[in-house]
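Okay, so here's the structure we're looking at.
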Amino acid sequence: MGIPVVDFSKVDGRERADTLALIDHYCQEWGFFQLINHGISEELLDRVKRVATECYKLEREASFRNSKPVQLLNELVEKNNDAKIENVDWEDVFLLSDENDEEEMKKYRAELKNLGHKVMNIMDENLGLPKGYIKNAFDGGVDNTAFFGTKVSHYPPCPHPEKVNALRAHTDAGGVVLLFQDDEVKGLQMLKDGVWTDVQPLKNAIVINTGDQIEVLSNGRYKSILHRVVPQTDGQRRSIASFYNPSLKATIQPAPQLLDTKVENKVKDVAKYPKFVFGDYMSVYVEQKFQPKEPRFQAVAAI
């Protein structure tokens with residue numbers, strides 16, 4: 001079993017309505033799904049994989065051998081301690097930006113950002129919101145000020161996976177996450193109905209997952225979902241995650257169009273989340289990332 005897969009080419013054809021309905025269902029019931037035929041060329045994706053892997057091997061692999069998680073794991077093994085390391089992850093991370101990346105990565109990020117716009121427009125349509133509503137909310141009323149960042153992670157083979165997390169369980173703070181994950185080495189899991197479910201490797205697919213701010217804007221119709229990475233004994237997992245998040249100055253709240261709409265004298269819905277500035281939410285998130293999300297919403301409501 002894995003997560004659902006959507007043929008994204010069908011959003012522009014005769015099966016558009018059915019495909020949008022599937023995406024709406026997956027946003028509500030899963031919070032995770034994979035896109036195939038998404039329009040980003042296989043040649044570009046192959047080059048991105050090669051660049052990311054070469055960067056890790058040439059610039060980072062040696063230093064990971066002396067990193068904190070490796071040292072802590074070695075200490076546990078030497079002491080024959082049955083404890084598990086809970087405060088660090090078996091992960092190497094570096095960030096990409098248009099200022100210092102080579103052309104291949106700049107092109108990849110531009111195409112992925114465009115795909116993010118398409119996904120958010122579909123969410124708008126499925127939620128009954130004006131086209132561009134989510135993007136404008138993330139921009140905070142100022143065009144193109146939303147944050148789009150890319151994180152490259154590598155998860156080396158772990159000799160004692162029972163003693164460490166590759167990445168602890170969490171929901172994502174922002175809006176829409178577009179993940180280009182390893183197509184051979186598994187490890188990513190999401191929590192579905194209380195069961196950890198593999199996000200199955202699928203060559204050149206883009207995994208979509210919804211963050212906390214989409215949950216707020218949709219007033220809970222779409223949910224951010226707990227996910228984690230489990231260390232593997234064989235194979236090195238590569239993960240390139242891009243985050244389409246609100247500007248730190250953006251004000252986030254449930255979309256008014258989804259609230260207080262009277263239909264046959266019945267109130268459609270009431271706001272289930274507070275109104276807050278995203279920067280304030282991030283200040284809380286960095287301290288509570290690996291804790292339940294509900295207290296984060298309560299904390300920003302009190303600011």
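Letters A, B, ... mark the chains of the structure tokens in the order given; residue numbers begin at 1 per chain; ligand numbers begin at 1, in order shown.
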
Would you mind listing what lies within 12 Å of A:Pro292 as a CSV table (one decimal) with C-alpha atoms, in the first residue's frame, with only C-alpha atoms counted and same-chain residues fewer than 5 positions away left out?
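Dumped everything to part-v6.csv:
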```
chain,number,residue,atom,x,y,z
A,169,ALA,CA,7.4,13.0,12.9
A,170,HIS,CA,6.0,16.5,12.3
A,171,THR,CA,3.5,18.5,10.1
A,172,ASP,CA,4.9,21.2,7.8
A,173,ALA,CA,4.4,24.8,9.0
A,212,ASP,CA,-0.6,23.9,8.4
A,224,SER,CA,-1.7,18.9,7.4
A,225,ILE,CA,-0.5,15.4,8.1
A,226,LEU,CA,2.1,14.0,10.4
A,284,VAL,CA,6.1,29.2,17.7
A,285,TYR,CA,6.8,26.5,15.2
A,287,GLU,CA,10.2,25.8,19.2
A,297,PHE,CA,-2.7,27.5,16.8
A,298,GLN,CA,-3.7,28.2,20.4
```

Open item on the list: Residues within 9 Å of stretch 124-134 of chain A, please, as a VMD selection string. Count only C-alpha atoms; anything in the same chain fewer than 5 positions from it doesn't count.
Closed with: chain A and resid 20 to 21 23 to 24 117 119 139 175 214 217 to 218 221 255 257 to 258

TODO: Taking the chain letters and numbering used in this document, name the residues of stretch 96-225 of chain A that DSSP puts in strand (DSSP E), as a ChimeraX atom specification.
DONE: /A:96,147-155,164-165,167-170,176-181,188-192,195-198,206-210

Open item on the list: Taking the DSSP secondary structure from the backbone, can you list the residues of stretch 59-258 of chain A that are alpha helix (DSSP H), as a ChimeraX atom specification?
Closed with: /A:59,61-64,68-78,103-127,133-139,212-217

C-alpha atoms of the current selection, written as a short mmCIF file (atom, residue, chain, number, x, y, z; two decimals), in the first residue's frame:
```
data_model
loop_
_atom_site.label_atom_id
_atom_site.label_comp_id
_atom_site.auth_asym_id
_atom_site.auth_seq_id
_atom_site.Cartn_x
_atom_site.Cartn_y
_atom_site.Cartn_z
CA GLU A 59 31.14 18.48 -0.18
CA GLU A 61 29.54 13.09 2.93
CA ALA A 62 32.86 13.18 4.77
CA SER A 63 31.66 15.72 7.33
CA PHE A 64 28.52 13.68 8.07
CA LYS A 68 26.40 14.88 15.98
CA PRO A 69 23.95 12.05 15.16
CA VAL A 70 26.84 9.74 14.19
CA GLN A 71 28.73 10.57 17.39
CA LEU A 72 25.66 10.03 19.57
CA LEU A 73 24.86 6.72 17.89
CA ASN A 74 28.42 5.50 18.29
CA GLU A 75 28.30 6.37 21.99
CA LEU A 76 25.08 4.39 22.48
CA VAL A 77 26.50 1.36 20.71
CA GLU A 78 29.76 1.49 22.64
CA GLU A 103 21.43 27.14 -13.77
CA GLU A 104 20.05 23.60 -13.58
CA MET A 105 18.77 24.14 -10.05
CA LYS A 106 17.40 27.60 -10.87
CA LYS A 107 15.44 26.17 -13.78
CA TYR A 108 14.17 23.29 -11.64
CA ARG A 109 13.03 25.64 -8.88
CA ALA A 110 11.26 27.90 -11.38
CA GLU A 111 9.38 24.99 -12.91
CA LEU A 112 8.47 23.59 -9.52
CA LYS A 113 7.21 26.98 -8.35
CA ASN A 114 5.00 27.15 -11.44
CA LEU A 115 3.68 23.67 -10.63
CA GLY A 116 2.94 24.92 -7.12
CA HIS A 117 0.84 27.75 -8.60
CA LYS A 118 -1.15 25.21 -10.61
CA VAL A 119 -1.77 23.03 -7.56
CA MET A 120 -2.89 26.03 -5.47
CA ASN A 121 -5.22 27.19 -8.25
CA ILE A 122 -6.82 23.73 -8.23
CA MET A 123 -7.21 23.96 -4.46
CA ASP A 124 -8.88 27.37 -4.96
CA GLU A 125 -11.31 25.90 -7.47
CA ASN A 126 -12.08 22.86 -5.32
CA LEU A 127 -12.70 25.03 -2.26
CA TYR A 133 -6.82 33.27 -3.58
CA ILE A 134 -4.25 31.06 -1.82
CA LYS A 135 -1.32 32.63 -3.68
CA ASN A 136 -2.56 36.14 -2.84
CA ALA A 137 -3.03 35.16 0.80
CA PHE A 138 0.53 33.86 0.90
CA ASP A 139 1.80 37.06 -0.75
CA ASP A 212 -0.56 23.93 8.42
CA GLN A 213 -1.47 27.14 6.55
CA ILE A 214 -3.56 25.29 3.96
CA GLU A 215 -5.41 23.70 6.88
CA VAL A 216 -6.16 27.16 8.27
CA LEU A 217 -7.15 28.78 4.94
#
```

- [ ] For stretch 90-100 of chain A, please output as a VMD selection string all residues within 10 Å (counting only C-alpha atoms; exclusion window: fewer than 4 positions along the same chain).
- [x] chain A and resid 52 55 to 56 60 to 61 63 to 64 67 to 70 73 85 105 to 107 109 to 110 148 to 158 161 164 to 168 229 to 231 237 to 242

Task: Near-A:Ser247 list (10 Å; only C-alpha atoms; drop same-chain fewer than 4 positions) as a PyMOL selection string - done: chain A and resi 137-142+144-148+174+251-252+277-279

Selected residues, C-alpha atoms, written as an mmCIF file, in the first residue's frame, please.
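File again22.cif, as written:
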```
data_model
loop_
_atom_site.group_PDB
_atom_site.id
_atom_site.type_symbol
_atom_site.label_atom_id
_atom_site.label_comp_id
_atom_site.auth_asym_id
_atom_site.auth_seq_id
_atom_site.Cartn_x
_atom_site.Cartn_y
_atom_site.Cartn_z
ATOM 1 C CA ALA A 137 -3.025 35.162 0.798
ATOM 2 C CA PHE A 138 0.534 33.864 0.905
ATOM 3 C CA ASP A 139 1.797 37.062 -0.753
ATOM 4 C CA GLY A 140 0.112 39.100 1.986
ATOM 5 C CA GLY A 141 -1.293 41.544 -0.555
ATOM 6 C CA VAL A 142 2.114 42.275 -2.095
ATOM 7 C CA ASN A 144 5.453 37.681 -5.281
ATOM 8 C CA THR A 145 6.501 38.132 -1.662
ATOM 9 C CA ALA A 146 5.553 34.596 -0.611
ATOM 10 C CA PHE A 147 8.480 32.382 0.353
ATOM 11 C CA PHE A 148 9.637 29.584 -1.939
ATOM 12 C CA GLY A 174 3.736 26.419 5.654
ATOM 13 C CA THR A 251 -2.014 37.499 7.695
ATOM 14 C CA ILE A 252 -3.491 33.990 7.627
ATOM 15 C CA VAL A 277 0.564 36.756 11.180
ATOM 16 C CA PHE A 278 2.594 33.933 9.672
ATOM 17 C CA GLY A 279 5.846 35.227 11.164
#
```

Find the nearest atom pair between each residue of stretch 33-62 of chain A and stretch 180-201 of chain A for residues within 12 Å, count only C-alpha atoms, give distances in Å to one decimal, sort rows by chain and ascending number, and present the table as JSON lines.
```
{"residue": "A:Phe33", "atom": "CA", "partner": "A:Val199", "partner_atom": "CA", "distance": 8.5}
{"residue": "A:Gln34", "atom": "CA", "partner": "A:Val199", "partner_atom": "CA", "distance": 8.7}
{"residue": "A:Leu35", "atom": "CA", "partner": "A:Phe180", "partner_atom": "CA", "distance": 10.2}
{"residue": "A:Ile36", "atom": "CA", "partner": "A:Phe180", "partner_atom": "CA", "distance": 11.3}
{"residue": "A:His38", "atom": "CA", "partner": "A:Phe180", "partner_atom": "CA", "distance": 11.9}
{"residue": "A:Ile40", "atom": "CA", "partner": "A:Phe180", "partner_atom": "CA", "distance": 11.2}
{"residue": "A:Glu42", "atom": "CA", "partner": "A:Phe180", "partner_atom": "CA", "distance": 11.9}
{"residue": "A:Leu44", "atom": "CA", "partner": "A:Phe180", "partner_atom": "CA", "distance": 12.0}
{"residue": "A:Leu45", "atom": "CA", "partner": "A:Phe180", "partner_atom": "CA", "distance": 8.6}
{"residue": "A:Asp46", "atom": "CA", "partner": "A:Phe180", "partner_atom": "CA", "distance": 10.9}
{"residue": "A:Val48", "atom": "CA", "partner": "A:Phe180", "partner_atom": "CA", "distance": 9.6}
{"residue": "A:Lys49", "atom": "CA", "partner": "A:Asp182", "partner_atom": "CA", "distance": 8.6}
{"residue": "A:Arg50", "atom": "CA", "partner": "A:Asp182", "partner_atom": "CA", "distance": 11.6}
{"residue": "A:Ala52", "atom": "CA", "partner": "A:Asp182", "partner_atom": "CA", "distance": 11.1}
{"residue": "A:Thr53", "atom": "CA", "partner": "A:Asp182", "partner_atom": "CA", "distance": 10.6}
```

- [ ] Using only C-alpha atoms, find the one residue out of A:Arg228, A:Phe8, A:Gly211, A:Gly220 that sits nearest to A:Pro246.
- [x]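 With only C-alpha atoms as the atom set, the closest residue is A:Gly211.
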
TODO: Considering only C-alpha atoms, return as JSON, numbers by chain whatever protein or nucleic-acid residues lie within 7 Å of A:Asn209, sequence-local ones (same chain, fewer than 3 positions apart) excluded.
DONE: {"A": [31, 32, 33, 176, 177, 178]}

- [ ] Considering only C-alpha atoms, return as a list of chain:residue names whatever protein or nucleic-acid residues lie within 9 Å of A:Asp280, sequence-local ones (same chain, fewer than 4 positions apart) excluded.
- [x]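 Contacts, in chain order: A:Leu248, A:Lys249, A:Phe276, A:Val284, A:Tyr285, A:Val300, A:Ile303.
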
TODO: Please indicate the distance in Å from atom CA of A:Asp89 to atom CA of A:Lys163, rounded to one decimal place.
DONE: 10.7 Å

Could you build a table of the residues in stretch 225-257 of chain A lying no more than 9 Å from stretch 268-273 of chain A, giving for each the nearest pair of atoms and their separation in Å rounded to one decimal place, using only C-alpha atoms, ordered by chain and ascending residue number, as CSV?
```
residue,atom,partner,partner_atom,distance
A:Gln253,CA,A:Tyr273,CA,6.9
A:Pro254,CA,A:Ala271,CA,6.3
A:Ala255,CA,A:Ala271,CA,8.8
A:Pro256,CA,A:Ala271,CA,8.6
```
